[in-house]
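J.: entry_12.pdb is reproduced in full below (PDB, C-alpha atoms, pLDDT in the B column).
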ATOM      1  CA  MET W   1      92.427 115.554 111.820  1.00 82.00           C
ATOM      2  CA  ALA W   2      88.987 114.293 110.844  1.00 89.00           C
ATOM      3  CA  TRP W   3      90.428 113.333 107.452  1.00 92.00           C
ATOM      4  CA  LEU W   4      92.952 111.044 109.158  1.00 95.00           C
ATOM      5  CA  ARG W   5      90.179 109.241 111.059  1.00 92.00           C
ATOM      6  CA  ILE W   6      88.203 108.755 107.849  1.00 91.00           C
ATOM      7  CA  PHE W   7      91.303 107.611 105.968  1.00 95.00           C
ATOM      8  CA  LEU W   8      92.188 105.053 108.642  1.00 95.00           C
ATOM      9  CA  LEU W   9      88.620 103.735 108.796  1.00 93.00           C
ATOM     10  CA  ILE W  10      88.535 103.332 105.012  1.00 91.00           C
ATOM     11  CA  LEU W  11      91.918 101.612 105.101  1.00 95.00           C
ATOM     12  CA  THR W  12      90.696  99.300 107.873  1.00 95.00           C
ATOM     13  CA  ALA W  13      87.513  98.484 105.959  1.00 91.00           C
ATOM     14  CA  MET W  14      89.509  97.694 102.815  1.00 92.00           C
ATOM     15  CA  PHE W  15      91.948  95.491 104.706  1.00 96.00           C
ATOM     16  CA  CYS W  16      89.160  93.607 106.488  1.00 94.00           C
ATOM     17  CA  ALA W  17      87.128  93.135 103.293  1.00 91.00           C
ATOM     18  CA  ARG W  18      90.161  91.784 101.441  1.00 94.00           C
ATOM     19  CA  THR W  19      91.158  89.479 104.280  1.00 95.00           C
ATOM     20  CA  CYS W  20      87.622  88.142 104.695  1.00 93.00           C
ATOM     21  CA  ALA W  21      87.245  87.503 100.954  1.00 91.00           C
ATOM     22  CA  MET W  22      90.613  85.793 100.655  1.00 94.00           C
ATOM     23  CA  ALA W  23      90.018  83.612 103.718  1.00 95.00           C
ATOM     24  CA  PHE W  24      86.574  82.602 102.467  1.00 93.00           C
ATOM     25  CA  ASN W  25      88.005  81.782  99.046  1.00 93.00           C
ATOM     26  CA  ARG W  26      90.690  79.573 100.600  1.00 94.00           C
ATOM     27  CA  ILE W  27      88.064  77.807 102.729  1.00 95.00           C
ATOM     28  CA  VAL W  28      85.801  77.143  99.758  1.00 94.00           C
ATOM     29  CA  ASP W  29      88.659  76.032  97.473  1.00 94.00           C
ATOM     30  CA  ARG W  30      90.542  73.872  99.972  1.00 94.00           C
ATOM     31  CA  LYS W  31      89.411  70.551  98.457  1.00 94.00           C
ATOM     32  CA  PHE W  32      90.258  71.686  94.931  1.00 94.00           C
ATOM     33  CA  ASP W  33      93.606  73.028  96.136  1.00 94.00           C
ATOM     34  CA  ALA W  34      94.454  69.686  97.732  1.00 94.00           C
ATOM     35  CA  LYS W  35      94.006  67.907  94.388  1.00 94.00           C
ATOM     36  CA  ASN W  36      96.043  70.404  92.379  1.00 94.00           C
ATOM     37  CA  PRO W  37      99.832  69.891  92.669  1.00 93.00           C
ATOM     38  CA  ARG W  38     100.465  73.619  92.232  1.00 95.00           C
ATOM     39  CA  THR W  39      98.214  74.596  95.153  1.00 93.00           C
ATOM     40  CA  ALA W  40      98.531  71.519  97.380  1.00 93.00           C
ATOM     41  CA  GLY W  41     101.124  73.282  99.527  1.00 93.00           C
ATOM     42  CA  ARG W  42      98.779  76.078 100.583  1.00 93.00           C
ATOM     43  CA  HIS W  43      98.085  76.384 104.284  1.00 92.00           C
ATOM     44  CA  LEU W  44      94.648  74.732 104.491  1.00 94.00           C
ATOM     45  CA  PRO W  45      95.268  71.732 102.185  1.00 94.00           C
ATOM     46  CA  ALA W  46      98.678  71.141 103.769  1.00 94.00           C
ATOM     47  CA  GLY W  47      97.204  71.249 107.274  1.00 93.00           C
ATOM     48  CA  THR W  48      99.407  74.113 108.447  1.00 95.00           C
ATOM     49  CA  ILE W  49      96.305  76.076 109.445  1.00 95.00           C
ATOM     50  CA  SER W  50      93.146  74.454 110.758  1.00 96.00           C
ATOM     51  CA  LEU W  51      89.754  75.015 109.194  1.00 96.00           C
ATOM     52  CA  ALA W  52      88.554  76.542 112.476  1.00 96.00           C
ATOM     53  CA  SER W  53      91.386  79.089 112.359  1.00 97.00           C
ATOM     54  CA  ALA W  54      90.503  80.055 108.796  1.00 96.00           C
ATOM     55  CA  TRP W  55      86.844  80.514 109.742  1.00 96.00           C
ATOM     56  CA  THR W  56      87.876  82.580 112.768  1.00 97.00           C
ATOM     57  CA  LEU W  57      89.969  84.857 110.559  1.00 96.00           C
ATOM     58  CA  CYS W  58      87.102  85.176 108.084  1.00 94.00           C
ATOM     59  CA  LEU W  59      84.536  86.024 110.770  1.00 94.00           C
ATOM     60  CA  PHE W  60      86.743  88.503 112.625  1.00 96.00           C
ATOM     61  CA  SER W  61      87.583  90.211 109.333  1.00 95.00           C
ATOM     62  CA  ALA W  62      83.878  90.473 108.514  1.00 91.00           C
ATOM     63  CA  ALA W  63      83.240  91.942 111.960  1.00 93.00           C
ATOM     64  CA  GLY W  64      86.050  94.454 111.408  1.00 94.00           C
ATOM     65  CA  LEU W  65      84.536  95.477 108.086  1.00 90.00           C
ATOM     66  CA  ILE W  66      81.116  95.931 109.658  1.00 87.00           C
ATOM     67  CA  ALA W  67      82.565  97.944 112.553  1.00 91.00           C
ATOM     68  CA  ALA W  68      84.695 100.176 110.325  1.00 92.00           C
ATOM     69  CA  SER W  69      81.815 100.900 107.969  1.00 86.00           C
ATOM     70  CA  ALA W  70      79.497 101.620 110.904  1.00 87.00           C
ATOM     71  CA  LEU W  71      82.025 104.080 112.330  1.00 90.00           C
ATOM     72  CA  LEU W  72      82.353 105.889 109.010  1.00 86.00           C
ATOM     73  CA  ASN W  73      78.698 106.883 108.838  1.00 81.00           C
ATOM     74  CA  ARG W  74      75.193 105.468 108.647  1.00 76.00           C
ATOM     75  CA  THR W  75      74.937 105.598 104.856  1.00 75.00           C
ATOM     76  CA  VAL W  76      78.119 103.589 104.370  1.00 72.00           C
ATOM     77  CA  SER W  77      76.907 101.074 106.933  1.00 68.00           C
ATOM     78  CA  ILE W  78      73.533 100.663 105.224  1.00 72.00           C
ATOM     79  CA  PHE W  79      74.930 100.303 101.701  1.00 71.00           C
ATOM     80  CA  ARG W  80      77.968  98.163 102.630  1.00 69.00           C
ATOM     81  CA  PRO W  81      76.416  94.846 101.466  1.00 70.00           C
ATOM     82  CA  LEU W  82      75.432  96.126  98.010  1.00 69.00           C
ATOM     83  CA  PRO W  83      78.787  95.562  96.243  1.00 68.00           C
ATOM     84  CA  SER W  84      78.882  91.989  97.541  1.00 64.00           C
ATOM     85  CA  TRP W  85      75.348  91.292  96.354  1.00 64.00           C
ATOM     86  CA  TRP W  86      76.111  92.893  93.003  1.00 64.00           C
ATOM     87  CA  CYS W  87      79.185  90.714  92.426  1.00 63.00           C
ATOM     88  CA  ALA W  88      77.590  87.528  93.712  1.00 62.00           C
ATOM     89  CA  PHE W  89      74.127  87.619  92.205  1.00 65.00           C
ATOM     90  CA  ILE W  90      73.561  90.334  89.627  1.00 61.00           C
ATOM     91  CA  ARG W  91      76.734  90.448  87.582  1.00 52.00           C
TER      92      ARG W  91
END
Would you put the structure from the file into structure tokens?

T.:
Amino acid sequence: MAWLRIFLLILTAMFCARTCAMAFNRIVDRKFDAKNPRTAGRHLPAGTISLASAWTLCLFSAAGLIAASALLNRTVSIFRPLPSWWCAFIR
């Protein structure tokens, strides 16, 4: 059953990474979304969700990603930031 533990931790890490990235994107784009008629109805520009709630979701998702990668193994935990740095700065 070790494979099931690893599978669930990978699934959790993927879910948390996706949620964190999407929440951060919505936070950053909220002012642009408010000006665009197509995206003005999204949760943050419309005021359905507060900015504090979006940040809370983003931070808890990041914490979940860090915890899941730390539980996988030390190597995964050490190299976890590299894909983010690659996409943000090097690409």

J.: Write out as a PyMOL selection string which residues come within 10 Å of Leu57 of chain W when counting only C-alpha atoms, dropping same-chain ones fewer than 5 positions away.

T.: chain W and resi 16+19-20+22-24+51-52+62-63

J.: What is the atom CA of Leu65 of chain W to atom CA of Trp3 of chain W distance in Å?

T.: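 Atom CA of Trp3 of chain W lies at a distance of 18.8 Å from atom CA of Leu65 of chain W.
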
J.: As a list in words, please: the residues near Asp29 of chain W (cut-off 10 Å, only C-alpha atoms, same-chain neighbours under 6 positions excluded).

T.: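 Near neighbours after the sequence-gap exclusion: Ala23, Thr39, Leu44 and Pro45 of chain W.
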
J.: Convert the output of the PyMOL selection byres ((chain W and resi 15) around 12) on the shown file into explicit residues, formatted as a compact mmCIF listing (two decimals) with C-alpha atoms, keeping the file's coordinate frame.

T.:
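Wrote expr.txt, looks like this:
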# COMPACT_ATOMS: atom_id res chain seq x y z
CA LEU W 8 92.19 105.05 108.64
CA LEU W 9 88.62 103.74 108.80
CA ILE W 10 88.54 103.33 105.01
CA LEU W 11 91.92 101.61 105.10
CA THR W 12 90.70 99.30 107.87
CA ALA W 13 87.51 98.48 105.96
CA MET W 14 89.51 97.69 102.82
CA CYS W 16 89.16 93.61 106.49
CA ALA W 17 87.13 93.14 103.29
CA ARG W 18 90.16 91.78 101.44
CA THR W 19 91.16 89.48 104.28
CA CYS W 20 87.62 88.14 104.70
CA ALA W 21 87.24 87.50 100.95
CA MET W 22 90.61 85.79 100.66
CA CYS W 58 87.10 85.18 108.08
CA PHE W 60 86.74 88.50 112.62
CA SER W 61 87.58 90.21 109.33
CA ALA W 62 83.88 90.47 108.51
CA ALA W 63 83.24 91.94 111.96
CA GLY W 64 86.05 94.45 111.41
CA LEU W 65 84.54 95.48 108.09
CA ILE W 66 81.12 95.93 109.66
CA ALA W 68 84.70 100.18 110.32
CA SER W 69 81.82 100.90 107.97

J.: Rounded to one decimal, what separation in Å do you get between atom CA of Ser50 of chain W and atom CA of Asn36 of chain W?

T.: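 Going from atom CA of Ser50 of chain W over to atom CA of Asn36 of chain W, I get 19.0 Å.
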
J.: Which of these residues is nearest to Thr56 of chain W, using all atoms listed in the file: W:Phe7, W:Ala2, W:Thr75, W:Ile27?

T.: W:Ile27

J.: For atom CA of Ile49 of chain W and atom CA of Val28 of chain W, quote the distance in Å rounded to one decimal.

T.: 14.3 Å

J.: Pick from W:Asn73, W:Asp33, W:Ile78, W:Arg26: nearest to Trp55 of chain W, with only C-alpha atoms counted?

T.: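 Closest to Trp55 of chain W, using only C-alpha atoms: W:Arg26.
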
J.: From the set W:His43, W:Arg5, W:Arg38, W:Arg30, which residue has the shortest atom-to-atom contact distance to Leu72 of chain W, counting only C-alpha atoms?

T.: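 Looking at the shortest contact to Leu72 of chain W, the residue is W:Arg5.
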